[in-house]
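Text of my_file10.cif, listed as mmCIF, N, CA and C atoms:
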```
data_start
#
loop_
_atom_site.label_atom_id
_atom_site.label_comp_id
_atom_site.auth_asym_id
_atom_site.auth_seq_id
_atom_site.Cartn_x
_atom_site.Cartn_y
_atom_site.Cartn_z
N MET A 26 -74.97 37.34 -8.42
CA MET A 26 -73.71 36.85 -8.88
C MET A 26 -73.61 35.34 -8.65
N PRO A 27 -74.14 34.58 -9.53
CA PRO A 27 -74.13 33.13 -9.37
C PRO A 27 -72.76 32.49 -9.64
N PHE A 28 -71.86 33.21 -10.31
CA PHE A 28 -70.58 32.61 -10.68
C PHE A 28 -69.49 32.76 -9.61
N GLU A 29 -69.78 33.49 -8.54
CA GLU A 29 -68.79 33.68 -7.47
C GLU A 29 -68.41 32.35 -6.82
N HIS A 30 -69.37 31.51 -6.60
CA HIS A 30 -69.11 30.22 -5.98
C HIS A 30 -68.22 29.35 -6.88
N ILE A 31 -68.49 29.34 -8.17
CA ILE A 31 -67.69 28.57 -9.13
C ILE A 31 -66.27 29.12 -9.20
N LYS A 32 -66.13 30.45 -9.22
CA LYS A 32 -64.83 31.09 -9.28
C LYS A 32 -64.02 30.77 -8.02
N SER A 33 -64.64 30.79 -6.86
CA SER A 33 -63.96 30.48 -5.60
C SER A 33 -63.51 29.02 -5.57
N ALA A 34 -64.34 28.11 -6.01
CA ALA A 34 -63.99 26.69 -6.05
C ALA A 34 -62.84 26.45 -7.03
N PHE A 35 -62.82 27.17 -8.15
CA PHE A 35 -61.75 27.04 -9.14
C PHE A 35 -60.42 27.50 -8.56
N LEU A 36 -60.41 28.60 -7.81
CA LEU A 36 -59.18 29.11 -7.20
C LEU A 36 -58.66 28.15 -6.14
N ASN A 37 -59.56 27.57 -5.35
CA ASN A 37 -59.14 26.60 -4.33
C ASN A 37 -58.53 25.36 -4.97
N THR A 38 -59.10 24.89 -6.08
CA THR A 38 -58.57 23.74 -6.79
C THR A 38 -57.19 24.04 -7.35
N ASP A 39 -56.99 25.23 -7.89
CA ASP A 39 -55.69 25.62 -8.41
C ASP A 39 -54.64 25.68 -7.31
N LEU A 40 -55.04 26.18 -6.16
CA LEU A 40 -54.11 26.28 -5.05
C LEU A 40 -53.70 24.88 -4.57
N VAL A 41 -54.64 23.97 -4.46
CA VAL A 41 -54.34 22.61 -4.02
C VAL A 41 -53.44 21.91 -5.04
N SER A 42 -53.73 22.06 -6.31
CA SER A 42 -52.90 21.40 -7.32
C SER A 42 -51.51 22.02 -7.38
N LEU A 43 -51.39 23.33 -7.13
CA LEU A 43 -50.09 23.99 -7.11
C LEU A 43 -49.25 23.47 -5.94
N VAL A 44 -49.86 23.36 -4.77
CA VAL A 44 -49.15 22.84 -3.59
C VAL A 44 -48.76 21.38 -3.82
N ALA A 45 -49.66 20.59 -4.38
CA ALA A 45 -49.37 19.17 -4.64
C ALA A 45 -48.24 19.02 -5.66
N SER A 46 -48.24 19.81 -6.69
CA SER A 46 -47.17 19.71 -7.69
C SER A 46 -45.84 20.19 -7.14
N LEU A 47 -45.83 21.22 -6.27
CA LEU A 47 -44.59 21.66 -5.62
C LEU A 47 -44.05 20.57 -4.70
N PHE A 48 -44.93 19.91 -3.95
CA PHE A 48 -44.51 18.81 -3.08
C PHE A 48 -43.94 17.65 -3.89
N PHE A 49 -44.61 17.32 -4.99
CA PHE A 49 -44.15 16.24 -5.87
C PHE A 49 -42.78 16.58 -6.46
N ALA A 50 -42.58 17.81 -6.89
CA ALA A 50 -41.29 18.23 -7.44
C ALA A 50 -40.20 18.16 -6.36
N MET A 51 -40.53 18.54 -5.13
CA MET A 51 -39.56 18.48 -4.04
C MET A 51 -39.17 17.03 -3.74
N VAL A 52 -40.13 16.12 -3.75
CA VAL A 52 -39.85 14.71 -3.50
C VAL A 52 -38.95 14.14 -4.60
N ILE A 53 -39.22 14.48 -5.85
CA ILE A 53 -38.37 14.02 -6.96
C ILE A 53 -36.97 14.58 -6.80
N PHE A 54 -36.85 15.86 -6.45
CA PHE A 54 -35.55 16.49 -6.26
C PHE A 54 -34.77 15.82 -5.13
N MET A 55 -35.45 15.43 -4.06
CA MET A 55 -34.78 14.77 -2.94
C MET A 55 -34.42 13.32 -3.26
N ALA A 56 -35.14 12.68 -4.16
CA ALA A 56 -34.92 11.26 -4.45
C ALA A 56 -33.74 11.03 -5.39
N VAL A 57 -33.45 11.97 -6.26
CA VAL A 57 -32.41 11.79 -7.26
C VAL A 57 -31.08 12.32 -6.73
N ASN A 58 -30.05 11.49 -6.80
CA ASN A 58 -28.70 11.88 -6.41
C ASN A 58 -27.76 11.62 -7.58
N ILE A 59 -27.09 12.66 -8.03
CA ILE A 59 -26.09 12.52 -9.08
C ILE A 59 -24.72 12.60 -8.41
N ILE A 60 -23.97 11.51 -8.50
CA ILE A 60 -22.71 11.39 -7.77
C ILE A 60 -21.54 11.45 -8.73
N SER A 61 -20.53 12.24 -8.36
CA SER A 61 -19.35 12.41 -9.22
C SER A 61 -18.55 11.11 -9.27
N PRO A 62 -17.69 10.96 -10.30
CA PRO A 62 -16.98 9.70 -10.50
C PRO A 62 -16.00 9.30 -9.39
N CYS A 63 -15.59 10.21 -8.55
CA CYS A 63 -14.58 9.87 -7.54
C CYS A 63 -15.15 9.85 -6.12
N THR A 64 -16.45 9.68 -5.98
CA THR A 64 -17.09 9.75 -4.67
C THR A 64 -18.09 8.62 -4.51
N ASN A 65 -18.21 8.13 -3.29
CA ASN A 65 -19.29 7.22 -2.90
C ASN A 65 -20.06 7.86 -1.77
N TYR A 66 -21.36 7.63 -1.72
CA TYR A 66 -22.21 8.14 -0.64
C TYR A 66 -22.68 6.96 0.19
N VAL A 67 -22.63 7.12 1.51
CA VAL A 67 -23.17 6.12 2.42
C VAL A 67 -24.57 6.59 2.82
N VAL A 68 -25.56 5.73 2.61
CA VAL A 68 -26.96 6.07 2.89
C VAL A 68 -27.41 5.37 4.15
N LYS A 69 -28.05 6.12 5.03
CA LYS A 69 -28.61 5.53 6.25
C LYS A 69 -30.14 5.57 6.16
N ARG A 70 -30.74 4.50 6.64
CA ARG A 70 -32.20 4.44 6.76
C ARG A 70 -32.51 4.16 8.22
N PHE A 71 -33.28 5.03 8.82
CA PHE A 71 -33.59 4.95 10.25
C PHE A 71 -32.31 4.87 11.09
N PHE A 72 -31.33 5.71 10.76
CA PHE A 72 -30.07 5.86 11.49
C PHE A 72 -29.17 4.64 11.43
N ARG A 73 -29.42 3.72 10.51
CA ARG A 73 -28.57 2.55 10.33
C ARG A 73 -28.09 2.52 8.89
N PRO A 74 -26.88 2.05 8.65
CA PRO A 74 -26.38 2.00 7.28
C PRO A 74 -27.27 1.12 6.41
N HIS A 75 -27.62 1.62 5.26
CA HIS A 75 -28.51 0.89 4.37
C HIS A 75 -27.82 0.48 3.08
N SER A 76 -27.14 1.43 2.43
CA SER A 76 -26.51 1.12 1.16
C SER A 76 -25.41 2.12 0.86
N VAL A 77 -24.65 1.83 -0.20
CA VAL A 77 -23.62 2.73 -0.69
C VAL A 77 -23.99 3.10 -2.12
N LEU A 78 -24.05 4.39 -2.38
CA LEU A 78 -24.36 4.87 -3.72
C LEU A 78 -23.06 5.10 -4.46
N GLU A 79 -22.94 4.52 -5.63
CA GLU A 79 -21.73 4.64 -6.43
C GLU A 79 -21.90 5.75 -7.46
N PRO A 80 -20.82 6.14 -8.14
CA PRO A 80 -20.92 7.23 -9.12
C PRO A 80 -21.99 7.00 -10.17
N GLY A 81 -22.67 8.07 -10.54
CA GLY A 81 -23.75 8.02 -11.52
C GLY A 81 -25.03 8.58 -10.94
N VAL A 82 -26.15 8.23 -11.56
CA VAL A 82 -27.46 8.67 -11.09
C VAL A 82 -28.03 7.59 -10.18
N ASN A 83 -28.41 7.97 -8.98
CA ASN A 83 -28.94 7.04 -7.98
C ASN A 83 -30.23 7.60 -7.40
N PHE A 84 -31.06 6.71 -6.89
CA PHE A 84 -32.33 7.11 -6.29
C PHE A 84 -32.40 6.60 -4.86
N ILE A 85 -32.94 7.43 -3.98
CA ILE A 85 -33.21 7.04 -2.60
C ILE A 85 -34.66 7.34 -2.29
N ILE A 86 -35.14 6.83 -1.17
CA ILE A 86 -36.52 7.09 -0.75
C ILE A 86 -36.50 8.32 0.15
N PRO A 87 -37.06 9.44 -0.30
CA PRO A 87 -37.05 10.65 0.53
C PRO A 87 -37.76 10.43 1.86
N PHE A 88 -37.30 11.11 2.87
CA PHE A 88 -37.82 11.09 4.24
C PHE A 88 -37.50 9.81 4.99
N LEU A 89 -37.11 8.72 4.32
CA LEU A 89 -36.65 7.50 4.99
C LEU A 89 -35.13 7.38 4.93
N ASP A 90 -34.58 7.63 3.75
CA ASP A 90 -33.14 7.53 3.54
C ASP A 90 -32.52 8.91 3.58
N ARG A 91 -31.26 8.94 4.04
CA ARG A 91 -30.50 10.19 3.95
C ARG A 91 -29.04 9.85 3.74
N VAL A 92 -28.36 10.71 3.00
CA VAL A 92 -26.93 10.54 2.76
C VAL A 92 -26.21 11.01 4.01
N SER A 93 -25.47 10.10 4.65
CA SER A 93 -24.81 10.45 5.90
C SER A 93 -23.34 10.81 5.70
N HIS A 94 -22.67 10.20 4.73
CA HIS A 94 -21.26 10.46 4.49
C HIS A 94 -20.97 10.51 2.99
N ARG A 95 -20.11 11.44 2.62
CA ARG A 95 -19.60 11.52 1.26
C ARG A 95 -18.11 11.19 1.33
N ILE A 96 -17.72 10.08 0.73
CA ILE A 96 -16.35 9.59 0.88
C ILE A 96 -15.66 9.54 -0.47
N SER A 97 -14.49 10.15 -0.53
CA SER A 97 -13.69 10.14 -1.75
C SER A 97 -13.02 8.78 -1.90
N ILE A 98 -13.06 8.21 -3.10
CA ILE A 98 -12.45 6.91 -3.35
C ILE A 98 -11.16 7.06 -4.16
N LEU A 99 -10.65 8.27 -4.26
CA LEU A 99 -9.38 8.50 -4.95
C LEU A 99 -8.22 8.12 -4.04
N GLU A 100 -7.08 7.77 -4.67
CA GLU A 100 -5.87 7.60 -3.89
C GLU A 100 -5.42 8.96 -3.40
N ARG A 101 -4.96 9.02 -2.17
CA ARG A 101 -4.47 10.29 -1.65
C ARG A 101 -3.30 10.04 -0.73
N GLN A 102 -2.44 11.03 -0.66
CA GLN A 102 -1.26 10.92 0.18
C GLN A 102 -1.46 11.70 1.46
N LEU A 103 -1.19 11.04 2.56
CA LEU A 103 -1.26 11.70 3.86
C LEU A 103 0.06 12.41 4.12
N PRO A 104 0.05 13.42 4.98
CA PRO A 104 1.31 14.12 5.29
C PRO A 104 2.35 13.16 5.87
N SER A 105 3.60 13.32 5.45
CA SER A 105 4.69 12.48 5.94
C SER A 105 4.96 12.79 7.41
N PHE A 106 5.42 11.77 8.13
CA PHE A 106 5.76 11.95 9.53
C PHE A 106 6.90 11.00 9.87
N SER A 107 7.55 11.23 11.00
CA SER A 107 8.62 10.34 11.45
C SER A 107 8.18 9.62 12.71
N GLN A 108 8.76 8.45 12.90
CA GLN A 108 8.36 7.59 14.02
C GLN A 108 9.61 6.96 14.63
N ASN A 109 9.70 6.95 15.94
CA ASN A 109 10.78 6.26 16.64
C ASN A 109 10.35 4.84 16.95
N ALA A 110 11.30 3.90 16.82
CA ALA A 110 11.00 2.50 17.13
C ALA A 110 12.26 1.85 17.69
N ARG A 111 12.06 0.82 18.50
CA ARG A 111 13.19 0.08 19.07
C ARG A 111 13.23 -1.31 18.46
N THR A 112 14.44 -1.73 18.13
CA THR A 112 14.63 -3.07 17.56
C THR A 112 14.68 -4.09 18.69
N GLU A 113 14.85 -5.35 18.31
CA GLU A 113 14.89 -6.44 19.29
C GLU A 113 16.08 -6.29 20.25
N ASP A 114 17.21 -5.78 19.73
CA ASP A 114 18.38 -5.60 20.58
C ASP A 114 18.44 -4.20 21.18
N ASP A 115 17.32 -3.53 21.27
CA ASP A 115 17.13 -2.25 21.96
C ASP A 115 17.89 -1.07 21.33
N ALA A 116 17.98 -1.07 20.02
CA ALA A 116 18.57 0.08 19.32
C ALA A 116 17.41 0.98 18.88
N LEU A 117 17.60 2.28 19.02
CA LEU A 117 16.56 3.24 18.65
C LEU A 117 16.72 3.62 17.18
N ILE A 118 15.65 3.51 16.43
CA ILE A 118 15.65 3.82 15.00
C ILE A 118 14.58 4.87 14.74
N LYS A 119 14.91 5.84 13.92
CA LYS A 119 13.93 6.85 13.51
C LYS A 119 13.58 6.59 12.04
N ILE A 120 12.30 6.49 11.77
CA ILE A 120 11.82 6.12 10.43
C ILE A 120 10.94 7.24 9.89
N ALA A 121 11.17 7.61 8.65
CA ALA A 121 10.29 8.57 7.97
C ALA A 121 9.23 7.78 7.21
N ILE A 122 7.99 8.16 7.41
CA ILE A 122 6.87 7.40 6.83
C ILE A 122 6.06 8.31 5.90
N SER A 123 5.77 7.78 4.73
CA SER A 123 4.90 8.47 3.79
C SER A 123 3.80 7.49 3.39
N LEU A 124 2.55 7.88 3.56
CA LEU A 124 1.42 6.98 3.33
C LEU A 124 0.58 7.42 2.14
N ILE A 125 0.22 6.45 1.33
CA ILE A 125 -0.76 6.67 0.25
C ILE A 125 -1.87 5.66 0.50
N ASN A 126 -3.10 6.14 0.56
CA ASN A 126 -4.21 5.22 0.84
C ASN A 126 -5.35 5.44 -0.13
N ARG A 127 -6.19 4.44 -0.18
CA ARG A 127 -7.41 4.48 -0.98
C ARG A 127 -8.48 3.70 -0.23
N ILE A 128 -9.62 4.30 -0.07
CA ILE A 128 -10.72 3.67 0.67
C ILE A 128 -11.50 2.77 -0.28
N LYS A 129 -11.60 1.49 0.08
CA LYS A 129 -12.30 0.53 -0.77
C LYS A 129 -13.68 0.16 -0.23
N LYS A 130 -13.89 0.32 1.09
CA LYS A 130 -15.18 0.00 1.68
C LYS A 130 -15.68 1.22 2.44
N PRO A 131 -16.36 2.14 1.74
CA PRO A 131 -16.78 3.38 2.39
C PRO A 131 -17.77 3.19 3.52
N GLU A 132 -18.60 2.14 3.47
CA GLU A 132 -19.58 1.94 4.53
C GLU A 132 -18.89 1.61 5.85
N LYS A 133 -17.81 0.83 5.81
CA LYS A 133 -17.08 0.51 7.04
C LYS A 133 -16.28 1.72 7.52
N THR A 134 -15.73 2.47 6.58
CA THR A 134 -14.97 3.66 6.94
C THR A 134 -15.86 4.67 7.64
N ALA A 135 -17.05 4.85 7.15
CA ALA A 135 -17.97 5.83 7.73
C ALA A 135 -18.41 5.45 9.14
N LEU A 136 -18.49 4.15 9.40
CA LEU A 136 -18.98 3.70 10.70
C LEU A 136 -17.88 3.54 11.74
N LYS A 137 -16.69 3.21 11.33
CA LYS A 137 -15.63 2.85 12.27
C LYS A 137 -14.80 4.03 12.76
N ALA A 138 -14.63 5.07 11.95
CA ALA A 138 -13.70 6.14 12.33
C ALA A 138 -14.31 7.51 12.04
N THR A 139 -14.14 8.41 12.98
CA THR A 139 -14.59 9.79 12.73
C THR A 139 -13.51 10.59 12.01
N ASN A 140 -12.25 10.32 12.33
CA ASN A 140 -11.13 10.97 11.65
C ASN A 140 -10.33 9.87 10.95
N VAL A 141 -10.61 9.65 9.68
CA VAL A 141 -10.03 8.54 8.94
C VAL A 141 -8.52 8.68 8.81
N ASP A 142 -8.04 9.89 8.52
CA ASP A 142 -6.60 10.09 8.34
C ASP A 142 -5.83 9.76 9.61
N ALA A 143 -6.31 10.20 10.75
CA ALA A 143 -5.64 9.91 12.01
C ALA A 143 -5.68 8.41 12.32
N ALA A 144 -6.79 7.76 12.04
CA ALA A 144 -6.91 6.33 12.30
C ALA A 144 -5.92 5.54 11.43
N ILE A 145 -5.80 5.90 10.16
CA ILE A 145 -4.86 5.22 9.27
C ILE A 145 -3.43 5.45 9.73
N THR A 146 -3.10 6.69 10.06
CA THR A 146 -1.74 7.03 10.50
C THR A 146 -1.37 6.27 11.77
N ASN A 147 -2.26 6.24 12.75
CA ASN A 147 -1.99 5.52 14.00
C ASN A 147 -1.85 4.02 13.79
N THR A 148 -2.68 3.45 12.96
CA THR A 148 -2.62 2.01 12.70
C THR A 148 -1.31 1.63 12.02
N VAL A 149 -0.92 2.40 11.01
CA VAL A 149 0.34 2.11 10.30
C VAL A 149 1.53 2.27 11.24
N ALA A 150 1.54 3.32 12.06
CA ALA A 150 2.64 3.53 13.01
C ALA A 150 2.74 2.37 14.00
N ASP A 151 1.61 1.90 14.51
CA ASP A 151 1.61 0.77 15.45
C ASP A 151 2.13 -0.50 14.80
N ILE A 152 1.67 -0.79 13.59
CA ILE A 152 2.12 -1.99 12.88
C ILE A 152 3.61 -1.91 12.59
N LEU A 153 4.07 -0.75 12.16
CA LEU A 153 5.49 -0.57 11.85
C LEU A 153 6.36 -0.74 13.09
N ARG A 154 5.95 -0.16 14.21
CA ARG A 154 6.70 -0.32 15.46
C ARG A 154 6.76 -1.79 15.88
N ALA A 155 5.65 -2.48 15.74
CA ALA A 155 5.61 -3.90 16.12
C ALA A 155 6.54 -4.74 15.24
N GLU A 156 6.55 -4.45 13.95
CA GLU A 156 7.41 -5.22 13.05
C GLU A 156 8.88 -4.89 13.25
N ILE A 157 9.21 -3.64 13.52
CA ILE A 157 10.61 -3.26 13.75
C ILE A 157 11.12 -3.87 15.05
N SER A 158 10.26 -4.02 16.03
CA SER A 158 10.69 -4.61 17.30
C SER A 158 11.05 -6.09 17.16
N LYS A 159 10.72 -6.71 16.06
CA LYS A 159 11.04 -8.12 15.83
C LYS A 159 12.39 -8.33 15.16
N ILE A 160 12.99 -7.27 14.61
CA ILE A 160 14.26 -7.43 13.90
C ILE A 160 15.40 -6.87 14.74
N GLN A 161 16.62 -7.29 14.40
CA GLN A 161 17.80 -6.79 15.10
C GLN A 161 18.42 -5.64 14.32
N ALA A 162 19.11 -4.76 15.01
CA ALA A 162 19.72 -3.58 14.38
C ALA A 162 20.79 -3.97 13.37
N THR A 163 21.42 -5.12 13.56
CA THR A 163 22.47 -5.54 12.62
C THR A 163 21.89 -5.98 11.28
N GLN A 164 20.59 -6.31 11.23
CA GLN A 164 19.94 -6.71 9.98
C GLN A 164 19.55 -5.51 9.13
N ILE A 165 19.53 -4.32 9.70
CA ILE A 165 19.10 -3.13 8.97
C ILE A 165 20.30 -2.52 8.26
N HIS A 166 20.18 -2.21 7.02
CA HIS A 166 21.29 -1.66 6.23
C HIS A 166 21.24 -0.15 6.25
#
```
Encoded form using structure tokens:
Amino acid sequence: MPFEHIKSAFLNTDLVSLVASLFFAMVIFMAVNIISPCTNYVVKRFFRPHSVLEPGVNFIIPFLDRVSHRISILERQLPSFSQNARTEDDALIKIAISLINRIKKPEKTALKATNVDAAITNTVADILRAEISKIQATQIH
């Protein structure tokens, strides 16, 4: 049986090419990112922010880059809350606050805050309290 050696070599070549083509297909699948119109992706390379992928078809380098955060860039309303504040003449005022926000720099948002909604709410409440403390109760209608 002189053809056994040729048949065995042919099967080994098919197996190698099958594995190589599966690996190549996996790399292509990992490299292509299709992003919806209302989302940005923050990409990290070696655990550091590298770039922001905007809506559309984007490519990354597999095994080096990874998408770390998916951030919505739509306007959204946070739950309303009330806040107590004191004016300059020490009058207590209760304020109802309703926030609408939109993230414009997703790379900074992804790095600076783990809970974006809480960070925005706390910052707005602090700024509002500081500004109300500068006015007198007689100026408020």
Taking 6 positions as the minimum chain separation for residues in the same chain, which residues sit within 6.5 Å of range 108-110 of chain A when counting all atoms listed in the file? Answer as a PDB file with N, CA and C atoms, in the coordinates of the input.
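Generated file (result.pdb):
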```
ATOM      1  N   ALA A 116      17.980  -1.070  20.020  1.00  0.00           N
ATOM      2  CA  ALA A 116      18.570   0.080  19.320  1.00  0.00           C
ATOM      3  C   ALA A 116      17.410   0.980  18.880  1.00  0.00           C
ATOM      4  N   LEU A 117      17.600   2.280  19.020  1.00  0.00           N
ATOM      5  CA  LEU A 117      16.560   3.240  18.650  1.00  0.00           C
ATOM      6  C   LEU A 117      16.720   3.620  17.180  1.00  0.00           C
ATOM      7  N   ILE A 118      15.650   3.510  16.430  1.00  0.00           N
ATOM      8  CA  ILE A 118      15.650   3.820  15.000  1.00  0.00           C
ATOM      9  C   ILE A 118      14.580   4.870  14.740  1.00  0.00           C
ATOM     10  N   LYS A 119      14.910   5.840  13.920  1.00  0.00           N
ATOM     11  CA  LYS A 119      13.930   6.850  13.510  1.00  0.00           C
ATOM     12  C   LYS A 119      13.580   6.590  12.040  1.00  0.00           C
ATOM     13  N   ILE A 120      12.300   6.490  11.770  1.00  0.00           N
ATOM     14  CA  ILE A 120      11.820   6.120  10.430  1.00  0.00           C
ATOM     15  C   ILE A 120      10.940   7.240   9.890  1.00  0.00           C
ATOM     16  N   ALA A 121      11.170   7.610   8.650  1.00  0.00           N
ATOM     17  CA  ALA A 121      10.290   8.570   7.970  1.00  0.00           C
ATOM     18  C   ALA A 121       9.230   7.780   7.210  1.00  0.00           C
ATOM     19  N   ILE A 122       7.990   8.160   7.410  1.00  0.00           N
ATOM     20  CA  ILE A 122       6.870   7.400   6.830  1.00  0.00           C
ATOM     21  C   ILE A 122       6.060   8.310   5.900  1.00  0.00           C
ATOM     22  N   ARG A 154       5.950  -0.160  14.210  1.00  0.00           N
ATOM     23  CA  ARG A 154       6.700  -0.320  15.460  1.00  0.00           C
ATOM     24  C   ARG A 154       6.760  -1.790  15.880  1.00  0.00           C
ATOM     25  N   ILE A 157       9.210  -3.640  13.520  1.00  0.00           N
ATOM     26  CA  ILE A 157      10.610  -3.260  13.750  1.00  0.00           C
ATOM     27  C   ILE A 157      11.120  -3.870  15.050  1.00  0.00           C
ATOM     28  N   SER A 158      10.260  -4.020  16.030  1.00  0.00           N
ATOM     29  CA  SER A 158      10.690  -4.610  17.300  1.00  0.00           C
ATOM     30  C   SER A 158      11.050  -6.090  17.160  1.00  0.00           C
TER      31      SER A 158
END
```
Would you mind telling me which residue in A:Pro131, A:Thr64, A:Met55, A:Thr139 lies nearest to Ile86 in chain A when using all atoms listed in the file?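 Of A:Pro131, A:Thr64, A:Met55, A:Thr139, the one nearest Ile86 in chain A, counting all atoms listed in the file, is A:Met55.
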Between A:Asn83, A:Asp90, A:Ser42, A:Phe54, which one has atoms that come closest to Phe71 in chain A, using only N, CA and C atoms? A:Asp90
Kindly give the distance, in Å, that separates CA of Val149 in chain A and CA of Ser97 in chain A, rounded to a single decimal.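 Rounded to one decimal, the two atoms are 20.2 Å apart.
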Have a look at A:Ile53, A:Val77, A:Ala155, A:Leu124 and name the one nearest to Gln102 in chain A; count only N, CA and C atoms.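 Of the candidates, the smallest distance to Gln102 in chain A is held by A:Leu124.
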Put a box with edges along x, y and z around all the listed atoms of range 63-74 of chain A, pad it by 3 Å on each side, then give me its centre and sizes in Å, one decimal, as lines of an AutoDock Vina configuration file.
```
center_x = -24.1
center_y = 5.7
center_z = 1.5
size_x = 25.0
size_y = 15.1
size_z = 26.0
```
Applied to this file, what does the PyMOL selection byres ((chain A and resi 82) around 6.5) return in terms of residues, put as a VMD selection string? chain A and resid 58 to 60 79 to 81 83 to 84
Test item, strand (DSSP E) assignment across range 28-147 of chain A, answer as number ranges by chain: A: 57-60, 64-70, 73-78, 81-84, 90-97, 101-102, 106-111, 117-122, 125-126
Pick the closest to Ser93 in chain A from A:Val44, A:Ala135, A:Cys63, A:Asp114: which is it, counting only N, CA and C atoms?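 Under the stated criterion, the closest residue is A:Ala135.
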Ground truth for the PyMOL selection byres ((chain A and resi 125) around 7), written as a short mmCIF file (atom, residue, chain, number, x, y, z; two decimals) with N, CA and C atoms, keeping the file's coordinate frame:
```
data_model
loop_
_atom_site.label_atom_id
_atom_site.label_comp_id
_atom_site.auth_asym_id
_atom_site.auth_seq_id
_atom_site.Cartn_x
_atom_site.Cartn_y
_atom_site.Cartn_z
N GLU A 100 -7.08 7.77 -4.67
CA GLU A 100 -5.87 7.60 -3.89
C GLU A 100 -5.42 8.96 -3.40
N ARG A 101 -4.96 9.02 -2.17
CA ARG A 101 -4.47 10.29 -1.65
C ARG A 101 -3.30 10.04 -0.73
N GLN A 102 -2.44 11.03 -0.66
CA GLN A 102 -1.26 10.92 0.18
C GLN A 102 -1.46 11.70 1.46
N LEU A 103 -1.19 11.04 2.56
CA LEU A 103 -1.26 11.70 3.86
C LEU A 103 0.06 12.41 4.12
N SER A 123 5.77 7.78 4.73
CA SER A 123 4.90 8.47 3.79
C SER A 123 3.80 7.49 3.39
N LEU A 124 2.55 7.88 3.56
CA LEU A 124 1.42 6.98 3.33
C LEU A 124 0.58 7.42 2.14
N ASN A 126 -3.10 6.14 0.56
CA ASN A 126 -4.21 5.22 0.84
C ASN A 126 -5.35 5.44 -0.13
N ARG A 127 -6.19 4.44 -0.18
CA ARG A 127 -7.41 4.48 -0.98
C ARG A 127 -8.48 3.70 -0.23
#
```
